[in-house]
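S.K.: Just so it is clear, I am handing over start-v4.cif, which has mmCIF, C-alpha atoms.
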data_query
loop_
_atom_site.label_atom_id
_atom_site.label_comp_id
_atom_site.auth_asym_id
_atom_site.auth_seq_id
_atom_site.Cartn_x
_atom_site.Cartn_y
_atom_site.Cartn_z
CA MET A 1303 0.00 0.00 0.00
CA THR A 1304 1.07 3.55 -0.73
CA THR A 1305 0.87 6.30 1.92
CA LEU A 1306 0.56 10.04 1.45
CA GLY A 1307 3.96 10.49 3.10
CA GLU A 1308 5.51 8.14 0.54
CA LEU A 1309 3.91 10.10 -2.28
CA ARG A 1310 5.45 13.31 -0.97
CA ARG A 1311 8.89 11.79 -0.37
CA ASP A 1312 9.14 9.61 -3.43
CA PRO A 1313 7.72 10.88 -6.75
CA ASN A 1314 7.70 7.30 -8.02
CA ALA A 1315 5.90 5.71 -5.06
CA LEU A 1316 2.81 5.24 -7.19
CA ALA A 1317 4.07 6.40 -10.59
CA ALA A 1318 5.99 3.13 -10.97
CA HIS A 1319 2.65 1.44 -11.62
CA TYR A 1320 1.85 3.74 -14.55
CA THR A 1321 4.85 3.29 -16.83
CA LYS A 1322 2.78 2.82 -20.00
CA PHE A 1323 1.32 6.31 -19.58
CA GLY A 1324 4.73 7.73 -18.62
CA VAL A 1325 3.38 9.72 -15.69
CA ALA A 1326 6.83 10.20 -14.14
CA ASP A 1327 8.22 11.73 -17.32
CA ARG A 1328 5.49 14.21 -18.23
CA VAL A 1329 3.10 16.49 -16.37
CA LEU A 1330 -0.40 15.12 -16.85
CA LEU A 1331 -2.76 17.54 -15.15
CA THR A 1332 -5.63 16.08 -17.13
CA GLY A 1333 -6.96 14.26 -14.07
CA HIS A 1334 -10.38 15.90 -14.20
CA SER A 1335 -10.79 14.81 -17.80
CA HIS A 1336 -8.79 11.60 -18.18
CA GLN A 1337 -6.52 10.09 -15.56
CA ALA A 1338 -3.83 7.66 -16.60
CA TRP A 1339 -4.55 3.95 -16.39
CA PRO A 1340 -2.32 1.76 -14.25
CA ASP A 1341 -0.25 -0.76 -16.17
CA VAL A 1342 -2.42 -3.62 -14.92
CA ALA A 1343 -5.31 -2.29 -17.02
CA GLU A 1344 -3.59 -3.97 -19.95
CA GLU A 1345 -3.99 -7.29 -18.16
CA GLY A 1346 -7.73 -6.79 -18.26
CA LEU A 1347 -7.68 -6.04 -21.97
CA ARG A 1348 -5.60 -9.14 -22.69
CA GLU A 1349 -7.91 -11.27 -20.55
CA ALA A 1350 -10.92 -10.06 -22.53
CA PHE A 1351 -9.26 -11.12 -25.78
CA ALA A 1352 -8.17 -14.46 -24.35
CA ASP A 1353 -11.68 -15.27 -23.09
CA ALA A 1354 -13.20 -14.40 -26.46
CA ALA A 1355 -10.64 -16.50 -28.30
CA GLU A 1356 -11.11 -19.48 -26.00
CA GLU A 1357 -14.84 -19.39 -25.34
CA VAL A 1358 -16.18 -17.59 -28.45
CA ASP A 1359 -19.92 -17.07 -27.86
CA THR A 1360 -19.87 -18.72 -24.45
CA LYS A 1361 -17.54 -15.95 -23.25
CA TRP A 1362 -20.59 -14.15 -21.87
CA ASP A 1363 -20.62 -16.06 -18.58
CA ARG A 1364 -17.14 -14.70 -17.91
CA ALA A 1365 -18.06 -11.26 -19.21
CA PHE A 1366 -21.11 -11.07 -16.95
CA ALA A 1367 -18.88 -11.98 -14.00
CA LYS A 1368 -16.74 -8.95 -14.84
CA ALA A 1369 -19.89 -6.81 -14.98
CA ASP A 1370 -20.75 -8.04 -11.49
CA GLU A 1371 -17.25 -7.04 -10.33
CA MET A 1372 -17.91 -3.57 -11.70
CA ARG A 1373 -21.22 -3.34 -9.83
CA ALA A 1374 -19.51 -4.44 -6.63
CA GLY A 1375 -16.83 -1.78 -7.09
CA PHE A 1376 -19.40 0.97 -7.55
CA ARG A 1377 -21.45 -0.28 -4.60
CA ALA A 1378 -18.37 -0.08 -2.39
CA LEU A 1379 -17.70 3.50 -3.45
CA LEU A 1380 -21.30 4.43 -2.65
CA GLY A 1381 -21.38 2.55 0.65
CA ASP A 1382 -24.42 0.76 -0.75
CA PRO A 1383 -23.69 -2.99 -0.47
CA HIS A 1384 -27.11 -4.13 -1.68
CA GLY A 1385 -27.87 -1.40 -4.20
CA ASP A 1386 -29.09 -2.14 -7.70
CA ILE A 1387 -26.53 -0.89 -10.23
CA ALA A 1388 -27.33 -0.57 -13.93
CA LEU A 1389 -24.27 -0.38 -16.19
CA GLY A 1390 -23.89 1.56 -19.42
CA ALA A 1391 -21.29 2.60 -21.95
CA SER A 1392 -21.92 6.27 -21.15
CA THR A 1393 -23.89 8.37 -18.72
CA HIS A 1394 -25.94 9.54 -21.69
CA ASP A 1395 -27.14 5.98 -22.34
CA LEU A 1396 -28.24 5.70 -18.74
CA VAL A 1397 -29.86 9.15 -18.58
CA ILE A 1398 -31.90 8.35 -21.67
CA ARG A 1399 -33.15 5.10 -20.15
CA PHE A 1400 -33.97 6.93 -16.91
CA LEU A 1401 -35.86 9.76 -18.63
CA SER A 1402 -37.78 7.25 -20.73
CA ALA A 1403 -39.14 5.74 -17.50
CA MET A 1404 -40.49 9.06 -16.24
CA ASP A 1405 -44.12 10.07 -16.62
CA LEU A 1406 -43.39 13.21 -18.61
CA ARG A 1407 -46.94 13.35 -19.92
CA GLY A 1408 -48.41 13.53 -16.46
CA ARG A 1409 -45.53 15.45 -14.87
CA PRO A 1410 -43.93 17.38 -17.74
CA ARG A 1411 -41.47 19.43 -15.72
CA ILE A 1412 -37.76 18.75 -15.19
CA VAL A 1413 -35.67 20.77 -12.76
CA SER A 1414 -31.91 21.04 -13.13
CA THR A 1415 -29.17 23.71 -13.00
CA ASP A 1416 -27.20 25.71 -15.52
CA GLY A 1417 -23.99 24.12 -14.20
CA GLU A 1418 -24.54 20.57 -15.44
CA PHE A 1419 -22.21 18.63 -17.70
CA HIS A 1420 -22.91 18.59 -21.44
CA THR A 1421 -24.67 15.21 -21.25
CA LEU A 1422 -27.53 16.81 -19.37
CA ARG A 1423 -27.22 20.31 -20.78
CA ARG A 1424 -27.70 19.22 -24.37
CA GLN A 1425 -30.32 16.51 -23.82
CA LEU A 1426 -32.49 18.67 -21.59
CA ALA A 1427 -32.23 21.55 -24.05
CA ARG A 1428 -33.46 19.25 -26.81
CA LEU A 1429 -36.36 18.04 -24.69
CA ALA A 1430 -37.27 21.66 -24.02
CA GLU A 1431 -37.48 22.20 -27.78
CA GLU A 1432 -40.09 19.42 -27.86
CA GLY A 1433 -42.27 21.03 -25.22
CA VAL A 1434 -40.96 19.59 -21.94
CA GLU A 1435 -40.72 22.32 -19.32
CA VAL A 1436 -37.08 22.46 -18.22
CA VAL A 1437 -36.19 24.73 -15.31
CA ARG A 1438 -32.51 25.60 -15.03
CA VAL A 1439 -31.59 27.04 -11.66
CA PRO A 1440 -28.46 29.26 -11.66
CA ALA A 1441 -25.55 27.31 -10.21
CA THR A 1442 -24.22 30.32 -8.33
CA PRO A 1443 -24.15 30.90 -5.46
CA VAL A 1444 -23.44 27.24 -4.85
CA THR A 1445 -24.06 27.57 -1.10
CA THR A 1446 -27.80 27.91 -1.72
CA LEU A 1447 -28.06 25.87 -4.91
CA ALA A 1448 -29.73 22.78 -3.44
CA GLU A 1449 -32.17 24.93 -1.51
CA ARG A 1450 -33.08 26.93 -4.62
CA VAL A 1451 -33.52 23.75 -6.67
CA ALA A 1452 -35.77 22.33 -3.94
CA ALA A 1453 -37.94 25.46 -4.13
CA GLU A 1454 -38.63 24.68 -7.81
CA VAL A 1455 -39.89 21.15 -7.10
CA THR A 1456 -43.63 21.14 -7.74
CA GLU A 1457 -46.34 18.48 -7.93
CA ASP A 1458 -45.97 18.32 -11.72
CA THR A 1459 -42.19 17.81 -11.59
CA GLY A 1460 -41.18 14.53 -13.17
CA ALA A 1461 -37.49 14.54 -12.25
CA VAL A 1462 -34.71 16.61 -10.70
CA LEU A 1463 -31.15 16.25 -11.99
CA VAL A 1464 -28.20 17.90 -10.22
CA SER A 1465 -24.45 17.44 -9.73
CA ALA A 1466 -22.61 16.69 -6.50
CA VAL A 1467 -19.53 18.57 -7.79
CA LEU A 1468 -19.85 21.26 -10.46
CA PHE A 1469 -17.78 20.22 -13.46
CA GLU A 1470 -16.53 23.71 -14.39
CA THR A 1471 -15.72 25.19 -10.98
CA SER A 1472 -14.96 22.11 -8.83
CA ARG A 1473 -17.32 23.36 -6.11
CA LEU A 1474 -19.03 20.79 -3.92
CA VAL A 1475 -22.79 21.26 -3.79
CA PRO A 1476 -24.01 21.30 -0.16
CA GLY A 1477 -27.50 20.56 1.06
CA LEU A 1478 -28.32 17.61 -1.19
CA ALA A 1479 -29.94 15.74 1.72
CA HIS A 1480 -32.52 18.52 2.05
CA LEU A 1481 -33.19 18.36 -1.68
CA ALA A 1482 -33.59 14.58 -1.45
CA ASP A 1483 -36.13 14.96 1.38
CA VAL A 1484 -38.17 17.49 -0.62
CA CYS A 1485 -38.16 15.24 -3.68
CA LEU A 1486 -39.20 12.23 -1.62
CA SER A 1487 -42.06 14.15 0.00
CA LYS A 1488 -43.46 14.94 -3.46
CA SER A 1489 -42.67 11.55 -5.05
CA VAL A 1490 -40.19 13.16 -7.45
CA ASN A 1491 -37.21 11.21 -8.75
CA LEU A 1492 -33.88 12.83 -7.88
CA VAL A 1493 -30.75 12.04 -9.92
CA VAL A 1494 -27.42 13.11 -8.41
CA ASP A 1495 -24.49 13.14 -10.85
CA ALA A 1496 -21.51 11.92 -8.83
CA TYR A 1497 -19.15 11.54 -11.79
CA HIS A 1498 -16.91 14.40 -10.63
CA ALA A 1499 -16.90 13.22 -7.03
CA LEU A 1500 -16.06 9.51 -7.08
CA GLY A 1501 -12.33 8.97 -6.66
CA ALA A 1502 -11.76 12.47 -5.31
CA VAL A 1503 -14.55 12.99 -2.76
CA PRO A 1504 -16.01 10.18 -0.59
CA PHE A 1505 -19.64 9.60 -1.51
CA ALA A 1506 -21.29 7.24 0.96
CA LEU A 1507 -25.01 7.55 0.28
CA HIS A 1508 -26.20 6.93 3.83
CA ASP A 1509 -23.90 9.61 5.24
CA LEU A 1510 -25.08 12.06 2.59
CA GLY A 1511 -28.77 11.36 3.09
CA LEU A 1512 -29.15 10.12 -0.49
CA THR A 1513 -30.38 6.56 -0.04
CA ASN A 1514 -33.59 7.39 -1.92
CA ALA A 1515 -31.80 9.06 -4.83
CA TRP A 1516 -30.65 7.79 -8.19
CA VAL A 1517 -26.88 8.24 -8.56
CA LEU A 1518 -25.15 8.62 -11.91
CA GLY A 1519 -21.44 8.25 -12.45
CA GLY A 1520 -18.55 6.66 -14.28
CA GLY A 1521 -14.92 5.70 -14.13
CA TYR A 1522 -13.35 7.59 -17.03
CA LYS A 1523 -11.90 10.25 -14.75
CA TYR A 1524 -10.76 9.86 -11.16
CA LEU A 1525 -11.30 6.11 -10.95
CA GLN A 1526 -8.96 5.36 -13.90
CA LEU A 1527 -11.34 2.72 -15.26
CA GLY A 1528 -11.31 4.02 -18.82
CA GLU A 1529 -14.17 4.48 -21.24
CA GLY A 1530 -17.33 2.40 -21.21
CA ASN A 1531 -17.65 2.10 -17.43
CA CYS A 1532 -20.65 4.15 -16.33
CA PHE A 1533 -23.41 3.30 -13.88
CA LEU A 1534 -26.80 4.31 -12.59
CA ARG A 1535 -27.57 3.40 -9.00
CA MET A 1536 -31.28 2.75 -8.61
CA PRO A 1537 -33.38 3.40 -5.49
CA ALA A 1538 -35.84 0.75 -4.31
CA HIS A 1539 -38.86 2.28 -6.06
CA ALA A 1540 -37.15 1.85 -9.45
CA GLN A 1541 -38.68 -1.65 -9.51
CA GLU A 1542 -42.01 0.00 -10.30
CA LEU A 1543 -40.72 1.68 -13.47
CA ARG A 1544 -40.76 0.51 -17.07
CA PRO A 1545 -38.26 2.43 -19.23
CA VAL A 1546 -39.45 3.00 -22.78
CA VAL A 1547 -35.89 2.89 -24.10
CA THR A 1548 -35.14 -0.74 -23.35
CA GLY A 1549 -32.87 -3.44 -24.72
CA TRP A 1550 -33.42 -7.16 -24.88
CA TYR A 1551 -31.01 -7.72 -21.98
CA ALA A 1552 -33.69 -6.15 -19.78
CA GLU A 1553 -35.79 -9.26 -20.41
CA PHE A 1554 -33.18 -11.87 -19.46
CA GLY A 1555 -34.49 -12.36 -15.95
CA ALA A 1556 -38.10 -12.49 -17.14
CA LEU A 1557 -37.79 -15.01 -20.00
CA ALA A 1558 -39.36 -17.78 -17.92
CA ASP A 1559 -42.27 -15.61 -16.77
CA GLU A 1560 -45.74 -16.01 -18.20
CA ARG A 1561 -46.17 -13.76 -21.22
CA ARG A 1562 -48.80 -11.05 -21.10
CA PRO A 1563 -50.09 -10.19 -24.57
CA GLY A 1564 -49.46 -6.57 -25.45
CA GLN A 1565 -47.15 -5.91 -22.48
CA VAL A 1566 -43.34 -5.90 -22.59
CA ALA A 1567 -41.80 -7.88 -19.75
CA TYR A 1568 -38.98 -6.61 -17.52
CA ALA A 1569 -36.55 -8.37 -15.25
CA THR A 1570 -36.24 -7.36 -11.62
CA GLY A 1571 -33.30 -5.48 -10.17
CA SER A 1572 -30.90 -3.44 -12.24
CA ASP A 1573 -31.52 -5.58 -15.32
CA ARG A 1574 -34.75 -3.73 -16.02
CA PHE A 1575 -32.58 -0.77 -17.05
CA ALA A 1576 -30.23 -2.89 -19.15
CA GLY A 1577 -29.47 -2.31 -22.81
CA ALA A 1578 -28.44 -4.91 -25.36
CA THR A 1579 -25.29 -6.65 -26.61
CA TYR A 1580 -22.25 -4.59 -25.65
CA ASP A 1581 -18.47 -4.66 -25.77
CA PRO A 1582 -17.42 -6.22 -22.44
CA THR A 1583 -13.76 -5.26 -22.83
CA SER A 1584 -14.22 -2.14 -20.70
CA HIS A 1585 -15.49 -4.23 -17.80
CA TYR A 1586 -12.44 -6.51 -17.92
CA ARG A 1587 -10.19 -3.43 -17.79
CA GLY A 1588 -12.26 -1.76 -15.10
CA ALA A 1589 -12.46 -4.83 -12.88
CA ARG A 1590 -8.68 -5.16 -12.93
CA VAL A 1591 -8.25 -1.49 -12.03
CA PHE A 1592 -10.70 -1.83 -9.14
CA ARG A 1593 -8.54 -4.69 -7.84
CA PHE A 1594 -5.44 -2.53 -8.28
CA PHE A 1595 -7.00 0.22 -6.17
CA ALA A 1596 -7.69 -2.33 -3.44
CA GLU A 1597 -4.14 -3.69 -3.63
CA GLN A 1598 -2.64 -0.21 -3.29
CA GLY A 1599 -5.00 0.95 -0.55
CA LEU A 1600 -6.49 3.66 -2.74
CA THR A 1601 -9.62 4.05 -0.66
CA PRO A 1602 -12.00 7.02 -1.05
CA GLU A 1603 -10.65 8.48 2.20
CA PHE A 1604 -7.01 8.15 1.12
CA LEU A 1605 -7.73 9.56 -2.33
CA ARG A 1606 -9.51 12.52 -0.73
CA GLU A 1607 -6.47 13.15 1.47
CA VAL A 1608 -4.19 13.12 -1.58
CA SER A 1609 -6.57 15.29 -3.57
CA ARG A 1610 -6.90 17.92 -0.86
CA HIS A 1611 -3.14 18.09 -0.50
CA GLN A 1612 -2.57 18.46 -4.23
CA VAL A 1613 -5.35 20.98 -4.87
CA GLY A 1614 -4.19 22.97 -1.85
CA PHE A 1615 -0.59 22.86 -3.09
CA LEU A 1616 -1.69 24.16 -6.50
CA ALA A 1617 -3.92 26.87 -5.03
CA GLU A 1618 -1.21 28.15 -2.71
CA GLY A 1619 1.39 28.04 -5.46
CA PHE A 1620 -0.91 29.83 -7.90
CA ASP A 1621 -1.56 32.63 -5.41
CA LYS A 1622 2.17 33.11 -4.90
CA LEU A 1623 2.59 33.75 -8.65
CA GLY A 1624 0.64 37.00 -8.34
CA LEU A 1625 -0.69 36.80 -11.89
CA PRO A 1626 -3.08 39.54 -13.08
CA ASP A 1627 -6.71 38.75 -12.24
CA ASP A 1628 -7.96 40.04 -15.57
CA VAL A 1629 -5.94 37.28 -17.28
CA ILE A 1630 -6.33 34.39 -14.86
CA THR A 1631 -7.76 34.05 -11.36
CA ARG A 1632 -9.37 31.58 -9.01
CA ASP A 1633 -12.24 31.48 -6.54
CA ARG A 1634 -10.74 32.47 -3.19
CA GLU A 1635 -14.05 32.73 -1.34
CA THR A 1636 -14.83 29.00 -1.35
CA PRO A 1637 -12.82 27.11 1.29
CA LEU A 1638 -10.56 24.47 -0.22
CA ASP A 1639 -12.37 21.72 1.70
CA ARG A 1640 -15.44 22.61 -0.38
CA ILE A 1641 -13.53 22.03 -3.63
CA GLY A 1642 -13.44 18.73 -5.51
CA GLY A 1643 -10.54 17.06 -7.26
CA PHE A 1644 -9.27 19.88 -9.46
CA LEU A 1645 -8.27 23.55 -9.33
CA SER A 1646 -10.45 25.67 -11.59
CA LEU A 1647 -8.89 28.86 -12.94
CA LYS A 1648 -11.07 31.45 -14.65
CA CYS A 1649 -9.31 32.89 -17.68
CA ALA A 1650 -9.74 35.53 -20.33
CA ASP A 1651 -8.86 32.81 -22.88
CA ALA A 1652 -8.75 29.37 -21.27
CA GLY A 1653 -8.41 27.49 -24.57
CA ALA A 1654 -5.37 29.48 -25.63
CA LEU A 1655 -3.71 28.98 -22.26
CA GLN A 1656 -4.38 25.26 -22.40
CA ALA A 1657 -2.77 25.06 -25.84
CA ALA A 1658 0.25 27.11 -24.76
CA LEU A 1659 0.79 24.93 -21.71
CA ALA A 1660 0.56 21.79 -23.83
CA GLU A 1661 3.27 23.12 -26.14
CA ARG A 1662 5.53 23.30 -23.09
CA GLY A 1663 4.71 19.81 -21.88
CA VAL A 1664 1.98 20.56 -19.33
CA ARG A 1665 -1.27 18.81 -20.20
CA THR A 1666 -4.43 20.36 -18.72
CA ASP A 1667 -8.00 20.73 -19.94
CA SER A 1668 -10.49 23.57 -20.25
CA ARG A 1669 -14.22 24.15 -20.52
CA GLY A 1670 -15.53 27.55 -21.49
CA ALA A 1671 -13.84 30.22 -19.41
CA TYR A 1672 -12.20 27.72 -17.05
CA LEU A 1673 -8.71 26.22 -17.23
CA ARG A 1674 -8.66 23.10 -15.07
CA PHE A 1675 -5.60 21.74 -13.29
CA GLY A 1676 -6.49 18.12 -12.49
CA PRO A 1677 -3.83 16.44 -10.35
CA ALA A 1678 -3.71 12.70 -9.70
CA PRO A 1679 -2.13 10.53 -6.99
CA TYR A 1680 0.70 9.42 -9.30
CA LEU A 1681 2.02 13.02 -9.60
CA SER A 1682 4.63 14.46 -7.24
CA ASP A 1683 4.70 17.91 -5.67
CA ASP A 1684 7.74 18.70 -7.84
CA GLN A 1685 5.69 18.05 -10.95
CA LEU A 1686 2.89 20.28 -9.68
CA ASP A 1687 5.42 23.00 -8.93
CA SER A 1688 6.92 22.74 -12.41
CA ALA A 1689 3.45 23.14 -13.93
CA LEU A 1690 2.92 26.34 -11.99
CA ARG A 1691 6.29 27.70 -13.16
CA VAL A 1692 5.31 27.00 -16.76
CA LEU A 1693 1.94 28.70 -16.22
CA ASP A 1694 3.76 31.77 -14.89
CA GLU A 1695 6.02 31.86 -17.96
CA VAL A 1696 3.10 31.46 -20.38
CA VAL A 1697 0.95 34.17 -18.81
CA ARG A 1698 3.77 36.67 -18.49
CA GLY A 1699 4.96 35.93 -22.01
#
Rewrite the coordinates I just gave you, this time as structure tokens.
M.R.:
Amino acid sequence: MTTLGELRRDPNALAAHYTKFGVADRVLLTGHSHQAWPDVAEEGLREAFADAAEEVDTKWDRAFAKADEMRAGFRALLGDPHGDIALGASTHDLVIRFLSAMDLRGRPRIVSTDGEFHTLRRQLARLAEEGVEVVRVPATPVTTLAERVAAEVTEDTGAVLVSAVLFETSRLVPGLAHLADVCLSKSVNLVVDAYHALGAVPFALHDLGLTNAWVLGGGYKYLQLGEGNCFLRMPAHAQELRPVVTGWYAEFGALADERRPGQVAYATGSDRFAGATYDPTSHYRGARVFRFFAEQGLTPEFLREVSRHQVGFLAEGFDKLGLPDDVITRDRETPLDRIGGFLSLKCADAGALQAALAERGVRTDSRGAYLRFGPAPYLSDDQLDSALRVLDEVVRG
């Protein structure tokens, strides 16, 4: 197991497990967009090929076992040992299945915020064009966001969709338990997007008061699982729903049931939100990475400790640069313990700064007006410091 002290003393304490991505030799501050995969991820990919070559069409028993490993990994992160977990290639796939199960004829109102990731932003905007009432609550100030969203929940609201961590600013959204209580009192389905929390911010549902919520997330970012590993955690009442967008895998568990003419059958549990034939390779890779995290002691609590240290190191170092606020600045009002796994810097031209940093070997990412420094546990403080020096050189020209 790796400790935080070891990470500070030895830049290669964890980096030695990521040689294929070369994390010790380049500054990858893309952690909020795409963290490096540990070398063992390749073992998962090779195992997927070997199982297909050996078993051909009967590979699916082994593939489904990997899917179950993925569900177990997500349950552990959510502190939800018996939760139903639907898997999908993307959060968009899962959101579409969820929305198709909502009674948008009877309750044609969806409440969200203007700080949601593009998956929700675009799809909800398109639904609004078709006549669904979509209410977008301003994401700022974040301290009252959940309360203001709750105030918009009416009897004709079909669903509420919000983030746990805002993807542009890295701010943690407080008060989600209150929002969950309001939604429950009005029989409204609440979806909490935890994609930007898992792997950087512990997200135990019971502790957060979210046991009755749907939880959306994936492993492309902080969990290092790669593409194709997304999930939708379903609350107990999901067993009453019948998604319109449904694949034939959703009928597996119901094939032996008596057929009802004119009615599509659904399996129980998470399978009722299943799709159809998929590429299981991502689950092989993801299952191996979940095991790697366990082997290295990369628990949610440890990862949060590392993240807070690294984001704090970057914030303090950025402030010491004294760069002009009209070019680049950061939110200094929000305490760092209310920030997620990346440092968000508001820029006059974030895209240009990102490109200039990349030319000098510092990989970051940007969205809109925000340049995002996304550290990861395989980076050393020296690497973070070198990134800040390059930023200073780029801004000052």
S.K.: Quick check on the file I pasted: which residues fall under the PyMOL selection byres ((chain A and resi 1449) around 9)? Write them as a list in words.
M.R.: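 Taken on the displayed file, the PyMOL selection byres ((chain A and resi 1449) around 9) yields the residues Thr1445, Thr1446, Leu1447, Ala1448, Arg1450, Val1451, Ala1452, Ala1453, Gly1477, Leu1478, His1480 and Leu1481 of chain A.
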S.K.: From the options A:Val1467, A:Gly1333, A:Ala1369, A:Asp1341, which residue's atoms come nearest to Ser1609 in chain A, counting all atoms listed in the file?
M.R.: A:Gly1333
S.K.: Calculate how many Å separate CA of Pro1637 in chain A from CA of Arg1669 in chain A, rounding to one decimal.
M.R.: 22.1 Å
S.K.: Please evaluate the PyMOL selection byres ((chain A and resi 1640) around 9) against the displayed coordinates and give the resulting residues as an MDAnalysis selection string.
M.R.: chainID A and resid 1472:1476 1636:1639 1641:1642
S.K.: Can you give me, as a PDB file with C-alpha atoms, in the coordinates of the input, the residues this file yields under the PyMOL selection byres ((chain A and resi 1347-1362) around 8)?
M.R.:
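Just written: selection_27.pdb:
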ATOM      1  CA  ALA A1343      -5.310  -2.290 -17.020  1.00  0.00           C
ATOM      2  CA  GLU A1344      -3.590  -3.970 -19.950  1.00  0.00           C
ATOM      3  CA  GLU A1345      -3.990  -7.290 -18.160  1.00  0.00           C
ATOM      4  CA  GLY A1346      -7.730  -6.790 -18.260  1.00  0.00           C
ATOM      5  CA  ASP A1363     -20.620 -16.060 -18.580  1.00  0.00           C
ATOM      6  CA  ARG A1364     -17.140 -14.700 -17.910  1.00  0.00           C
ATOM      7  CA  ALA A1365     -18.060 -11.260 -19.210  1.00  0.00           C
ATOM      8  CA  PHE A1366     -21.110 -11.070 -16.950  1.00  0.00           C
ATOM      9  CA  PRO A1582     -17.420  -6.220 -22.440  1.00  0.00           C
ATOM     10  CA  THR A1583     -13.760  -5.260 -22.830  1.00  0.00           C
ATOM     11  CA  SER A1584     -14.220  -2.140 -20.700  1.00  0.00           C
ATOM     12  CA  TYR A1586     -12.440  -6.510 -17.920  1.00  0.00           C
ATOM     13  CA  ARG A1587     -10.190  -3.430 -17.790  1.00  0.00           C
TER      14      ARG A1587
END
S.K.: Counting only C-alpha atoms, which residues come within 12 Å of (3.4, 2.6, -20.6), with the point read in the file's coordinates, and could you list them as number ranges by chain?
M.R.: A: 1317-1327, 1338-1344
S.K.: I'd like the contact shell of Thr1579 in chain A - 10 Å cut-off, only C-alpha atoms, skipping same-chain residues fewer than 3 positions apart - returned as a short mmCIF file (atom, residue, chain, number, x, y, z; two decimals) with C-alpha atoms, in the frame of the given file.
M.R.:
data_model
loop_
_atom_site.label_atom_id
_atom_site.label_comp_id
_atom_site.auth_asym_id
_atom_site.auth_seq_id
_atom_site.Cartn_x
_atom_site.Cartn_y
_atom_site.Cartn_z
CA GLY A 1549 -32.87 -3.44 -24.72
CA TRP A 1550 -33.42 -7.16 -24.88
CA TYR A 1551 -31.01 -7.72 -21.98
CA ALA A 1576 -30.23 -2.89 -19.15
CA PRO A 1582 -17.42 -6.22 -22.44
#
S.K.: Have a look at CA of Arg1610 in chain A and CA of Gly1663 in chain A and let me know their distance in Å, one decimal.
M.R.: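 Computing the Euclidean distance for CA of Arg1610 in chain A and CA of Gly1663 in chain A yields 24.1 Å.
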S.K.: Name the closest residue to Met1536 in chain A among the candidates A:Gly1519, A:Gly1571, A:Gly1577, A:Pro1504; distances are taken between atoms, counting only C-alpha atoms.
M.R.: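 That would be A:Gly1571, the residue with the smallest distance to Met1536 in chain A.
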S.K.: What's the separation between CA of Thr1332 in chain A and CA of Thr1666 in chain A, in Å to one decimal place?
M.R.: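 Between CA of Thr1332 in chain A and CA of Thr1666 in chain A the gap is 4.7 Å.
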S.K.: With N, CA, C and O atoms as the goal, would you fill in the gaps in range 1488-1496 of chain A and present it as an mmCIF file, keeping the file's coordinate frame?
M.R.:
data_model
loop_
_atom_site.group_PDB
_atom_site.id
_atom_site.type_symbol
_atom_site.label_atom_id
_atom_site.label_comp_id
_atom_site.auth_asym_id
_atom_site.auth_seq_id
_atom_site.Cartn_x
_atom_site.Cartn_y
_atom_site.Cartn_z
ATOM 1 N N LYS A 1488 -42.576 14.660 -2.320
ATOM 2 C CA LYS A 1488 -43.460 14.940 -3.460
ATOM 3 C C LYS A 1488 -43.385 13.841 -4.519
ATOM 4 O O LYS A 1488 -43.859 14.020 -5.637
ATOM 5 N N SER A 1489 -42.782 12.698 -4.151
ATOM 6 C CA SER A 1489 -42.670 11.550 -5.050
ATOM 7 C C SER A 1489 -42.005 11.929 -6.373
ATOM 8 O O SER A 1489 -42.438 11.509 -7.451
ATOM 9 N N VAL A 1490 -40.952 12.717 -6.280
ATOM 10 C CA VAL A 1490 -40.190 13.160 -7.450
ATOM 11 C C VAL A 1490 -38.861 12.419 -7.474
ATOM 12 O O VAL A 1490 -38.174 12.319 -6.444
ATOM 13 N N ASN A 1491 -38.483 11.917 -8.613
ATOM 14 C CA ASN A 1491 -37.210 11.210 -8.750
ATOM 15 C C ASN A 1491 -36.053 12.193 -8.811
ATOM 16 O O ASN A 1491 -36.038 13.113 -9.651
ATOM 17 N N LEU A 1492 -35.081 11.998 -7.938
ATOM 18 C CA LEU A 1492 -33.880 12.830 -7.880
ATOM 19 C C LEU A 1492 -32.690 12.042 -8.415
ATOM 20 O O LEU A 1492 -32.406 10.932 -7.937
ATOM 21 N N VAL A 1493 -31.993 12.606 -9.399
ATOM 22 C CA VAL A 1493 -30.750 12.040 -9.920
ATOM 23 C C VAL A 1493 -29.592 12.932 -9.498
ATOM 24 O O VAL A 1493 -29.599 14.131 -9.803
ATOM 25 N N VAL A 1494 -28.615 12.370 -8.803
ATOM 26 C CA VAL A 1494 -27.420 13.110 -8.410
ATOM 27 C C VAL A 1494 -26.255 12.595 -9.255
ATOM 28 O O VAL A 1494 -25.932 11.404 -9.230
ATOM 29 N N ASP A 1495 -25.648 13.488 -10.026
ATOM 30 C CA ASP A 1495 -24.490 13.140 -10.850
ATOM 31 C C ASP A 1495 -23.240 13.199 -9.972
ATOM 32 O O ASP A 1495 -22.803 14.274 -9.575
ATOM 33 N N ALA A 1496 -22.689 12.014 -9.697
ATOM 34 C CA ALA A 1496 -21.510 11.920 -8.830
ATOM 35 C C ALA A 1496 -20.230 11.677 -9.618
ATOM 36 O O ALA A 1496 -19.190 11.344 -9.042
#
